[in-house]
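Below: data-v1.txt (compact mmCIF, C-alpha atoms)
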```
# COMPACT_ATOMS: atom_id res chain seq x y z
CA MET Q 1 -0.05 -8.89 48.06
CA SER Q 2 0.59 -6.13 50.62
CA PRO Q 3 -0.29 -2.50 49.92
CA ALA Q 4 3.42 -1.63 49.91
CA ALA Q 5 4.14 -4.26 47.23
CA VAL Q 6 1.24 -3.03 45.09
CA SER Q 7 2.48 0.53 45.41
CA LEU Q 8 6.02 -0.50 44.46
CA GLN Q 9 4.77 -2.45 41.43
CA LYS Q 10 2.74 0.55 40.28
CA TRP Q 11 5.74 2.85 40.75
CA LEU Q 12 8.01 0.54 38.76
CA SER Q 13 5.44 0.32 35.96
CA ASN Q 14 5.15 4.11 35.75
CA ALA Q 15 8.94 4.47 35.83
CA ALA Q 16 9.30 1.97 32.98
CA GLN Q 17 6.76 3.90 30.90
CA VAL Q 18 8.59 7.18 31.53
CA LEU Q 19 11.93 5.60 30.63
CA ASN Q 20 10.48 4.11 27.45
CA SER Q 21 9.04 7.51 26.47
CA ILE Q 22 12.42 9.19 27.01
CA ILE Q 23 14.29 6.58 24.96
CA CYS Q 24 11.65 6.75 22.21
CA PHE Q 25 11.91 10.55 22.11
CA VAL Q 26 15.71 10.48 21.85
CA VAL Q 27 15.80 7.77 19.18
CA PHE Q 28 13.26 9.47 16.92
CA LEU Q 29 14.90 12.85 17.50
CA VAL Q 30 18.10 11.35 16.06
CA PHE Q 31 16.09 9.99 13.13
CA ASP Q 32 14.63 13.49 12.58
CA LEU Q 33 18.16 14.88 12.33
CA LEU Q 34 19.39 12.11 10.04
CA ASP Q 35 16.39 12.51 7.73
CA ALA Q 36 17.07 16.23 7.40
CA ILE Q 37 20.74 15.50 6.64
CA PHE Q 38 19.91 12.87 4.02
CA CYS Q 39 17.45 15.30 2.42
CA VAL Q 40 20.47 17.51 1.62
CA ILE Q 41 22.63 14.52 0.59
CA PHE Q 42 20.05 13.10 -1.83
CA ARG Q 43 19.40 16.54 -3.30
CA PHE Q 44 23.12 16.90 -4.05
CA LEU Q 45 23.38 13.37 -5.50
CA ASP Q 46 20.23 13.81 -7.63
CA GLU Q 47 21.51 17.07 -9.09
CA TYR Q 48 24.99 15.64 -9.68
CA ILE Q 49 23.83 12.38 -11.31
CA GLU Q 50 20.59 13.39 -13.02
CA GLY Q 51 20.89 17.15 -13.39
CA GLU Q 52 17.91 17.89 -11.15
CA ALA Q 53 16.78 17.11 -7.64
CA SER Q 54 13.88 14.74 -7.13
CA PRO Q 55 10.97 16.51 -5.42
CA CYS Q 56 10.43 15.66 -1.76
CA CYS Q 57 7.92 16.66 0.89
CA CYS Q 58 10.32 18.46 3.22
CA ARG Q 59 9.86 21.95 1.80
CA LYS Q 60 6.62 21.71 -0.14
CA GLU Q 61 4.39 24.51 1.01
CA LYS Q 62 0.94 23.55 2.18
CA ASN Q 63 -1.72 24.20 -0.44
CA VAL Q 64 -5.11 22.90 0.66
CA LYS Q 65 -6.80 23.46 -2.70
CA GLU Q 66 -4.01 21.72 -4.61
CA ASP Q 67 -4.02 18.80 -2.18
CA GLU Q 68 -7.78 18.38 -2.58
CA ASP Q 69 -7.60 18.64 -6.37
CA TYR Q 70 -4.90 15.98 -6.68
CA GLY Q 71 -5.95 13.81 -3.76
CA LEU Q 72 -2.72 14.35 -1.82
CA SER Q 73 -2.62 13.41 1.83
CA GLU Q 74 -2.07 15.91 4.60
CA SER Q 75 0.31 13.42 6.18
CA LEU Q 76 2.87 14.09 3.43
CA ASN Q 77 3.62 17.64 4.55
CA GLU Q 78 2.41 17.79 8.14
CA ARG Q 79 4.76 15.20 9.64
CA LYS Q 80 6.54 17.01 12.47
CA ASN Q 81 10.32 17.34 12.24
CA ILE Q 82 11.98 20.22 14.09
CA PHE Q 83 15.09 20.01 11.94
CA ARG Q 84 13.15 21.00 8.83
CA GLU Q 85 13.19 24.53 10.22
CA MET Q 86 16.96 24.43 9.76
CA THR Q 87 16.53 23.92 6.02
CA ARG Q 88 14.32 27.01 5.91
CA PHE Q 89 16.94 29.01 7.74
CA LEU Q 90 19.63 27.78 5.35
CA LYS Q 91 17.25 28.36 2.43
CA ILE Q 92 17.70 24.77 1.20
CA ARG Q 93 14.70 24.14 -0.99
CA CYS Q 94 13.41 20.97 -2.58
CA LYS Q 95 11.48 22.23 -5.58
CA LYS Q 96 9.86 20.17 -8.25
CA GLU Q 97 11.40 21.30 -11.49
CA ASP Q 98 10.53 20.17 -14.96
CA SER Q 99 13.66 19.24 -16.89
CA ASN Q 100 14.15 17.45 -20.15
CA GLU Q 101 17.86 16.86 -19.57
CA GLU Q 102 18.79 13.18 -19.88
CA CYS Q 103 15.14 12.20 -19.52
CA GLU Q 104 13.53 9.62 -21.71
CA LYS Q 105 10.01 10.78 -22.51
CA ILE Q 106 7.43 8.35 -23.76
CA GLY Q 107 3.95 9.64 -24.50
CA GLY Q 108 4.73 12.89 -22.69
CA ARG Q 109 5.39 11.15 -19.36
CA LEU Q 110 8.73 10.93 -17.57
CA MET Q 111 9.77 7.31 -17.87
CA LYS Q 112 13.40 7.51 -16.77
CA LYS Q 113 14.20 5.53 -13.67
CA SER Q 114 15.94 7.13 -10.72
CA TRP Q 115 19.61 6.31 -10.16
CA SER Q 116 18.63 4.92 -6.75
CA ASP Q 117 16.08 2.48 -8.22
CA CYS Q 118 16.77 -0.95 -9.67
CA GLY Q 119 17.36 -1.05 -13.42
CA CYS Q 120 17.09 -4.79 -14.04
CA GLU Q 121 14.99 -6.11 -16.90
CA SER Q 122 12.29 -7.39 -14.55
CA CYS Q 123 11.86 -4.03 -12.80
CA LEU Q 124 11.72 -2.10 -16.09
CA SER Q 125 9.59 -4.57 -18.05
CA TRP Q 126 6.57 -2.23 -17.87
CA MET Q 127 8.22 0.43 -20.05
CA ASN Q 128 7.18 0.45 -23.71
CA ASP Q 129 7.60 2.58 -26.80
CA ASP Q 130 4.05 3.94 -27.11
CA GLY Q 131 3.68 5.10 -23.49
CA ASP Q 132 0.29 3.44 -23.11
CA TYR Q 133 1.25 1.40 -20.10
CA ARG Q 134 -1.25 -0.67 -18.14
CA LEU Q 135 -1.36 -2.69 -14.97
CA HIS Q 136 -0.11 -6.26 -14.91
CA PHE Q 137 -2.76 -8.76 -13.84
CA VAL Q 138 -3.36 -12.51 -13.84
CA VAL Q 139 -6.67 -13.97 -15.03
CA LYS Q 140 -7.87 -17.43 -14.13
CA GLU Q 141 -10.53 -18.09 -16.74
CA PRO Q 142 -13.48 -20.39 -15.93
CA LEU Q 143 -13.13 -23.98 -17.08
CA ASN Q 144 -16.66 -23.93 -18.45
CA ASP Q 145 -15.52 -23.13 -22.00
CA GLY Q 146 -16.68 -26.17 -23.92
CA GLU Q 147 -18.47 -26.31 -27.27
CA ASN Q 148 -21.84 -25.34 -25.83
CA CYS Q 149 -20.43 -22.42 -23.85
CA ARG Q 150 -18.16 -20.88 -26.43
CA GLY Q 151 -18.60 -17.11 -26.59
CA ARG Q 152 -20.53 -17.06 -23.34
CA ARG Q 153 -19.35 -14.65 -20.66
CA PRO Q 154 -18.53 -16.11 -17.24
CA SER Q 155 -21.42 -15.82 -14.83
CA GLU Q 156 -19.30 -14.02 -12.21
CA ASN Q 157 -16.16 -11.87 -12.16
CA VAL Q 158 -13.96 -11.33 -9.11
CA ILE Q 159 -11.22 -8.69 -8.76
CA PHE Q 160 -8.52 -9.33 -6.16
CA LEU Q 161 -6.44 -6.43 -4.81
CA HIS Q 162 -3.30 -7.01 -2.75
CA GLY Q 163 -1.95 -4.92 0.12
CA PHE Q 164 1.13 -2.79 0.68
CA ILE Q 165 4.44 -4.05 -0.82
CA CYS Q 166 2.86 -7.18 -2.28
CA SER Q 167 1.70 -8.32 -5.72
CA CYS Q 168 -1.01 -10.44 -7.29
CA SER Q 169 0.95 -13.48 -6.07
CA PHE Q 170 -0.58 -12.80 -2.66
CA TRP Q 171 -3.78 -14.27 -4.11
CA THR Q 172 -2.66 -16.51 -6.98
CA GLU Q 173 -0.24 -18.48 -4.78
CA THR Q 174 -2.64 -18.92 -1.87
CA VAL Q 175 -6.37 -18.75 -2.53
CA PHE Q 176 -6.67 -19.44 -6.25
CA PRO Q 177 -5.80 -23.17 -5.97
CA CYS Q 178 -8.30 -23.67 -3.12
CA PHE Q 179 -11.61 -22.83 -4.76
CA SER Q 180 -14.30 -25.42 -5.38
CA GLU Q 181 -15.15 -26.92 -8.73
CA LYS Q 182 -18.15 -24.61 -9.06
CA VAL Q 183 -15.98 -21.50 -8.78
CA ASN Q 184 -13.42 -22.94 -11.17
CA GLN Q 185 -16.22 -23.68 -13.65
CA ASP Q 186 -18.15 -20.40 -13.52
CA TYR Q 187 -16.01 -17.63 -12.05
CA ARG Q 188 -13.36 -15.51 -13.73
CA LEU Q 189 -10.74 -14.61 -11.12
CA ILE Q 190 -8.62 -11.50 -11.73
CA ALA Q 191 -5.63 -10.68 -9.50
CA ILE Q 192 -4.05 -7.27 -10.12
CA ASP Q 193 -0.61 -5.82 -9.45
CA LEU Q 194 -1.47 -2.36 -8.15
CA LEU Q 195 0.15 0.71 -9.68
CA GLY Q 196 3.75 0.94 -8.47
CA PHE Q 197 4.03 -2.66 -7.28
CA GLY Q 198 4.90 -6.07 -8.68
CA LYS Q 199 5.19 -6.04 -12.48
CA SER Q 200 2.93 -3.00 -12.92
CA PRO Q 201 4.20 0.44 -14.05
CA LYS Q 202 6.13 2.60 -11.61
CA PRO Q 203 6.21 6.07 -13.25
CA ARG Q 204 8.12 8.85 -11.50
CA ASP Q 205 5.67 11.62 -12.42
CA CYS Q 206 2.79 9.92 -10.62
CA MET Q 207 1.77 10.73 -7.04
CA TYR Q 208 0.03 7.34 -6.61
CA THR Q 209 -3.14 8.90 -5.28
CA LEU Q 210 -6.31 6.93 -4.69
CA LYS Q 211 -7.77 8.44 -7.85
CA GLU Q 212 -4.80 7.34 -9.96
CA HIS Q 213 -4.96 3.79 -8.60
CA VAL Q 214 -8.67 3.54 -9.42
CA GLU Q 215 -8.25 5.04 -12.90
CA MET Q 216 -5.49 2.57 -13.77
CA ILE Q 217 -7.68 -0.36 -12.68
CA GLU Q 218 -10.48 1.00 -14.85
CA LYS Q 219 -8.17 1.47 -17.83
CA SER Q 220 -6.39 -1.86 -17.46
CA VAL Q 221 -9.08 -4.26 -16.26
CA ILE Q 222 -12.67 -3.07 -15.91
CA GLN Q 223 -13.00 -1.47 -19.33
CA PRO Q 224 -10.92 -3.89 -21.48
CA LEU Q 225 -12.57 -6.95 -19.93
CA LYS Q 226 -16.02 -5.29 -20.11
CA LEU Q 227 -16.90 -6.10 -16.52
CA ASP Q 228 -20.57 -5.25 -16.08
CA THR Q 229 -20.75 -6.76 -12.60
CA PHE Q 230 -18.05 -8.04 -10.30
CA HIS Q 231 -17.06 -8.89 -6.74
CA LEU Q 232 -14.12 -7.29 -4.94
CA VAL Q 233 -11.69 -8.98 -2.56
CA ALA Q 234 -8.95 -6.87 -1.00
CA HIS Q 235 -6.27 -7.06 1.67
CA SER Q 236 -4.86 -4.20 3.76
CA MET Q 237 -4.09 -1.17 1.52
CA GLY Q 238 -6.18 -2.70 -1.26
CA CYS Q 239 -9.31 -2.32 0.91
CA ILE Q 240 -9.58 1.46 0.52
CA ILE Q 241 -9.03 1.09 -3.25
CA ALA Q 242 -11.80 -1.54 -3.34
CA LEU Q 243 -14.16 0.81 -1.48
CA ALA Q 244 -13.29 3.62 -3.90
CA ILE Q 245 -14.12 1.37 -6.86
CA ALA Q 246 -17.38 0.32 -5.22
CA ALA Q 247 -18.32 3.95 -4.62
CA LYS Q 248 -17.68 4.73 -8.29
CA TYR Q 249 -19.49 1.61 -9.54
CA PRO Q 250 -22.19 1.01 -6.89
CA THR Q 251 -24.54 -0.74 -9.32
CA CYS Q 252 -21.80 -3.01 -10.68
CA VAL Q 253 -20.21 -4.24 -7.46
CA LYS Q 254 -22.07 -7.20 -5.95
CA SER Q 255 -19.94 -7.74 -2.85
CA ILE Q 256 -16.80 -6.47 -1.13
CA THR Q 257 -14.62 -8.62 1.09
CA LEU Q 258 -12.19 -6.54 3.14
CA VAL Q 259 -9.37 -8.55 4.72
CA ALA Q 260 -7.46 -6.77 7.52
CA PRO Q 261 -8.62 -3.34 6.27
CA GLN Q 262 -6.49 -0.29 6.97
CA PRO Q 263 -6.96 1.66 10.23
CA TYR Q 264 -10.21 3.59 10.31
CA SER Q 265 -11.81 5.99 12.76
CA PRO Q 266 -14.84 8.19 11.98
CA SER Q 267 -13.42 11.58 10.99
CA GLU Q 268 -13.49 13.92 8.06
CA GLY Q 269 -11.12 16.18 6.20
CA ASN Q 270 -7.36 16.32 6.55
CA ASP Q 271 -7.46 15.41 10.25
CA ALA Q 272 -8.44 11.90 9.15
CA CYS Q 273 -5.12 11.55 7.29
CA LEU Q 274 -3.05 12.47 10.32
CA LYS Q 275 -5.14 10.21 12.57
CA ALA Q 276 -4.62 7.32 10.16
CA LEU Q 277 -0.86 7.91 10.23
CA ALA Q 278 -0.86 8.00 14.04
CA ASN Q 279 -2.99 4.84 14.31
CA MET Q 280 -1.00 2.87 11.77
CA ALA Q 281 2.51 4.16 12.35
CA GLY Q 282 2.75 5.99 15.65
CA LYS Q 283 6.33 6.47 16.77
CA LYS Q 284 7.06 3.27 18.70
CA LEU Q 285 10.18 1.20 19.30
CA TRP Q 286 8.34 -2.04 20.03
CA PRO Q 287 7.13 -4.40 18.63
CA PRO Q 288 9.53 -4.56 15.66
CA LEU Q 289 6.73 -4.36 13.09
CA ALA Q 290 5.41 -1.17 14.70
CA PHE Q 291 8.93 0.30 14.72
CA GLY Q 292 9.42 -0.58 11.04
CA SER Q 293 6.06 0.98 10.10
CA SER Q 294 6.84 4.22 11.93
CA PHE Q 295 10.38 4.41 10.51
CA MET Q 296 9.29 3.96 6.88
CA SER Q 297 6.19 6.19 7.25
CA TRP Q 298 7.76 9.20 8.95
CA TYR Q 299 11.21 9.40 7.35
CA GLU Q 300 11.14 9.91 3.59
CA HIS Q 301 14.89 10.05 3.03
CA LEU Q 302 15.90 7.36 5.50
CA GLY Q 303 13.32 5.16 3.79
CA ARG Q 304 14.96 5.95 0.46
CA CYS Q 305 18.27 4.75 1.94
CA ILE Q 306 16.68 1.41 2.82
CA CYS Q 307 15.21 1.07 -0.67
CA PHE Q 308 18.57 1.95 -2.22
CA LEU Q 309 20.36 -0.71 -0.19
CA TYR Q 310 17.77 -3.46 -0.53
CA CYS Q 311 15.40 -2.85 -3.47
CA ARG Q 312 18.05 -1.59 -5.88
CA ASN Q 313 20.21 -4.62 -5.09
CA HIS Q 314 17.45 -7.16 -4.69
CA ARG Q 315 19.09 -9.65 -7.06
CA ILE Q 316 22.19 -9.78 -4.85
CA TRP Q 317 20.13 -10.26 -1.69
CA GLU Q 318 18.03 -12.96 -3.34
CA SER Q 319 21.17 -14.82 -4.42
CA ILE Q 320 22.51 -14.64 -0.87
CA LEU Q 321 19.24 -15.97 0.55
CA LYS Q 322 19.18 -18.82 -1.95
CA PHE Q 323 22.74 -19.74 -0.99
CA ILE Q 324 21.98 -19.62 2.74
CA THR Q 325 18.70 -21.53 2.52
CA LEU Q 326 19.92 -23.93 -0.19
CA LYS Q 327 16.72 -23.26 -2.12
CA ARG Q 328 16.40 -22.64 -5.84
CA GLU Q 329 13.17 -20.68 -5.39
CA LEU Q 330 12.33 -18.18 -2.66
CA HIS Q 331 8.92 -17.59 -1.11
CA PHE Q 332 6.80 -15.21 -3.19
CA LEU Q 333 6.60 -12.68 -0.32
CA ILE Q 334 10.40 -12.33 -0.37
CA ILE Q 335 10.33 -11.88 -4.15
CA ASP Q 336 7.56 -9.27 -3.92
CA LEU Q 337 9.13 -7.24 -1.11
CA PRO Q 338 11.56 -5.17 -3.26
CA ARG Q 339 9.31 -4.98 -6.36
CA HIS Q 340 8.57 -1.28 -5.99
CA THR Q 341 10.37 2.05 -6.05
CA HIS Q 342 10.75 4.24 -3.00
CA HIS Q 343 8.55 6.86 -4.65
CA SER Q 344 5.73 4.41 -5.44
CA ALA Q 345 5.76 2.92 -1.93
CA TRP Q 346 6.12 6.23 -0.06
CA SER Q 347 3.42 7.97 -2.10
CA SER Q 348 0.99 5.04 -1.89
CA MET Q 349 1.56 4.78 1.85
CA HIS Q 350 0.53 8.39 2.40
CA ASN Q 351 -1.89 9.14 -0.44
CA VAL Q 352 -3.79 5.84 -0.27
CA ILE Q 353 -3.52 4.44 3.25
CA CYS Q 354 -3.46 7.79 5.06
CA GLY Q 355 -5.07 10.00 2.43
CA GLY Q 356 -7.88 7.54 1.77
CA ALA Q 357 -9.04 7.84 5.38
CA LYS Q 358 -10.81 11.13 4.65
CA PHE Q 359 -12.96 9.41 2.00
CA MET Q 360 -13.87 6.29 3.98
CA ASP Q 361 -17.12 7.66 5.43
CA THR Q 362 -18.38 8.65 1.98
CA TYR Q 363 -17.39 5.35 0.37
CA LEU Q 364 -19.03 3.29 3.12
CA ARG Q 365 -22.21 5.35 2.91
CA ILE Q 366 -22.49 4.96 -0.88
CA SER Q 367 -21.88 1.20 -0.75
CA THR Q 368 -24.35 0.74 2.09
CA GLU Q 369 -27.07 2.74 0.35
CA ALA Q 370 -26.49 0.76 -2.86
CA GLY Q 371 -27.01 -2.51 -0.97
CA VAL Q 372 -23.53 -3.84 -1.66
CA ILE Q 373 -22.68 -6.82 0.56
CA ILE Q 374 -19.70 -5.95 2.78
CA ASN Q 375 -17.78 -8.72 4.52
CA ILE Q 376 -14.90 -7.79 6.87
CA ILE Q 377 -12.35 -10.38 7.98
CA GLN Q 378 -9.73 -9.58 10.58
CA GLY Q 379 -7.49 -11.43 13.02
CA ASN Q 380 -7.84 -10.70 16.71
CA LYS Q 381 -4.02 -10.46 17.01
CA ASP Q 382 -3.52 -8.06 14.11
CA GLU Q 383 -0.57 -5.86 15.11
CA VAL Q 384 -1.16 -3.42 12.23
CA VAL Q 385 -4.91 -2.78 12.41
CA PRO Q 386 -6.50 -2.44 15.88
CA ILE Q 387 -9.67 -4.46 16.39
CA GLU Q 388 -11.48 -1.19 17.18
CA CYS Q 389 -11.27 -0.30 13.50
CA CYS Q 390 -13.69 -3.10 12.64
CA ILE Q 391 -16.09 -1.80 15.28
CA ASN Q 392 -15.91 1.68 13.72
CA LEU Q 393 -16.54 0.21 10.26
CA LYS Q 394 -19.56 -1.66 11.58
CA LYS Q 395 -21.02 1.56 12.97
CA LYS Q 396 -20.71 3.26 9.60
CA ALA Q 397 -21.90 0.21 7.63
CA PRO Q 398 -24.45 -1.51 9.91
CA ASN Q 399 -25.17 -4.27 7.39
CA ALA Q 400 -21.52 -5.29 7.15
CA GLU Q 401 -20.66 -8.78 8.36
CA ILE Q 402 -17.68 -8.92 10.73
CA ASN Q 403 -15.62 -12.11 11.03
CA ILE Q 404 -12.91 -12.08 13.71
CA ILE Q 405 -10.40 -14.90 13.25
CA PRO Q 406 -8.92 -16.20 16.54
CA ASN Q 407 -5.12 -16.16 16.94
CA ALA Q 408 -4.64 -14.59 13.49
CA ASN Q 409 -2.54 -11.52 12.66
CA HIS Q 410 -2.26 -9.28 9.61
CA LYS Q 411 -0.90 -12.08 7.41
CA THR Q 412 -2.10 -15.31 9.05
CA VAL Q 413 -5.66 -14.11 8.65
CA LEU Q 414 -5.10 -15.74 5.24
CA PHE Q 415 -1.87 -17.77 5.39
CA GLY Q 416 -2.37 -21.22 6.87
CA ARG Q 417 -6.14 -21.13 6.40
CA GLU Q 418 -6.43 -20.71 2.64
CA LYS Q 419 -9.13 -23.36 2.17
CA GLU Q 420 -11.30 -21.97 4.95
CA PHE Q 421 -10.83 -18.48 3.53
CA ALA Q 422 -11.82 -19.64 0.04
CA ASN Q 423 -14.96 -21.25 1.45
CA SER Q 424 -15.95 -18.00 3.18
CA LEU Q 425 -15.51 -16.11 -0.09
CA GLU Q 426 -17.72 -18.57 -1.92
CA HIS Q 427 -20.38 -18.17 0.75
CA THR Q 428 -20.28 -14.37 0.37
CA TRP Q 429 -20.50 -14.57 -3.43
CA ALA Q 430 -23.39 -17.04 -3.28
CA SER Q 431 -25.34 -14.80 -0.89
CA SER Q 432 -25.16 -11.93 -3.38
CA SER Q 433 -26.71 -13.95 -6.21
```

Reformat the file's structure so that it appears as structure tokens.
Amino acid sequence: MSPAAVSLQKWLSNAAQVLNSIICFVVFLVFDLLDAIFCVIFRFLDEYIEGEASPCCCRKEKNVKEDEDYGLSESLNERKNIFREMTRFLKIRCKKEDSNEECEKIGGRLMKKSWSDCGCESCLSWMNDDGDYRLHFVVKEPLNDGENCRGRRPSENVIFLHGFICSCSFWTETVFPCFSEKVNQDYRLIAIDLLGFGKSPKPRDCMYTLKEHVEMIEKSVIQPLKLDTFHLVAHSMGCIIALAIAAKYPTCVKSITLVAPQPYSPSEGNDACLKALANMAGKKLWPPLAFGSSFMSWYEHLGRCICFLYCRNHRIWESILKFITLKRELHFLIIDLPRHTHHSAWSSMHNVICGGAKFMDTYLRISTEAGVIINIIQGNKDEVVPIECCINLKKKAPNAEINIIPNANHKTVLFGREKEFANSLEHTWASSS
């Protein structure tokens, strides 16, 4: 190729990058404006329908001490949007107000659903009269329960944690049927619906912080089932929750398997939250998954619009899909997708995935010093988590075992290779014995 052709190709490449940057800037600038507009619209609708406006992050003043006390992520309030300055000028405030009007209180906690959330029996099944709500989970008890083993505890316990906008079906429908006879005989497998997802509670007065997720798992599973020792298996968002549990119970956790763990780069403090947001959901128009992640992570009120249209009306959409596909049952991922509220998904996204980044170094250090076996599995074509994140994890936890799966992405690291994945888990559990 001639020097002139090389120069032209380089010029065209640079021009394409500049054009893409301009288009990206304009598109997200429009989204900034729309989000500010819908902030006002939802405030008006909330006050008109419910008597009070739901709190949002647009006008919450930064309070470092409060954020640290409650485990709130810096990414909630530090997302840049130039149009928020307009709300300050117009003195439009989104305050969190305590109101008893038209609110159903159970056990002192606000249990009333938002008008923009689904009110079907399935979505509200977690509500009860005594207010002592707990996580939904599925237990596969060991088959070794004959006459001679009655009253004997299973030799091993395993807790499975799903990722963002999923449920325990992520594990029960894929890996659970693939384990060997030995695991089925001696292992108790526990798959949990995380707080705010699946059939688990979705309270409105909860900020879905990492601490609250861990405490609910303790209250619902670890303590009632009297788990003295256990293994942890987690995917995506569940990985930081698994590391938090391991850091709190370093002598109880025997191994941690992290599947496609959330983005991680060595950093401390609130900067880690903003870096995690940039790594996971930087403002991009392509590929579609990256665009969807950035849209739902940066725009609180536009995201609420999507949840109102899809999640609130999930039964209609499911009926349409069944009619189009001529299927009586839909894939469990489609069923799980709307099983959350906007508040539970938005808060978990920022306070767990982004907010948990500032605790990662501490959690990895505690687990490493305690001698917990750490196994990391990631696909080399993961479009959500860059492969560099595994390298950073390895530097912080030198004893961690890294398994890179060829031609696998964020989902196919498990889907399509369930038996192989189950075998790798069994190998990890056996090595910790």

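Of the residues listed (Q:Gln9, Q:Asn20, Q:Thr325, Q:Asn403), Q:Asn403 shows the shortest atom-to-atom separation from Q:Ser424; distances use only C-alpha atoms.
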
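Separating atom CA of Q:Ala276 from atom CA of Q:Glu212 is a distance of 20.1 Å.
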
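Closest approach to Q:Met280 among Q:Cys311, Q:Cys389, Q:Ile316, Q:Met216 is made by Q:Cys389 (distances from only C-alpha atoms).
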
Quiz item: In Å, with one decimal, what is the gap from atom CA of Q:Ser319 to atom CA of Q:Ile335?
Solution: 11.2 Å

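Of the listed residues Q:Lys396, Q:Lys327, Q:His301, Q:His235, the one whose atoms come nearest to Q:Cys166 is Q:His235, with distances taken using only C-alpha atoms.
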
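When atom CA of Q:Ile165 is paired with atom CA of Q:Ala345, their separation reads 7.2 Å.
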
Practice problem: Tell me, as a ChimeraX atom specification, which residues lie within 12 Å of Q:Phe170, counting only C-alpha atoms; anything in the same chain fewer than 4 positions away does not count. | Solution: /Q:138,160-166,174-176,191-194,198,233-236,238,331-337,411,414-415,418

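Once Q:Phe31 and its same-chain neighbours fewer than 5 positions away are set aside, Cys24, Phe25, Val26, Ala36, Ile37, Phe38, Lys80, Asn81, Ile82, Phe83, Lys283, Ser294, Phe295, Met296, Trp298, Tyr299, Glu300, His301, Leu302 and Gly303 of chain Q remain within 12 Å of it when counting all atoms listed in the file.
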
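For the set Q:Ile159, Q:Cys252, Q:Ala290, Q:Leu29, the residue with the smallest atom-to-atom gap to Q:Asp228 is Q:Cys252, counting all atoms listed in the file.
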
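For the choices Q:Cys118, Q:Ile366, Q:Cys58, Q:Ala260, the atom-to-atom distance to Q:Glu78 is smallest for Q:Cys58 when using all atoms listed in the file.
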
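Using all atoms listed in the file for every distance, the candidate list Q:Thr412, Q:Asn157, Q:Ser2, Q:Ser432 yields Q:Asn157 as the residue closest to Q:Leu225.
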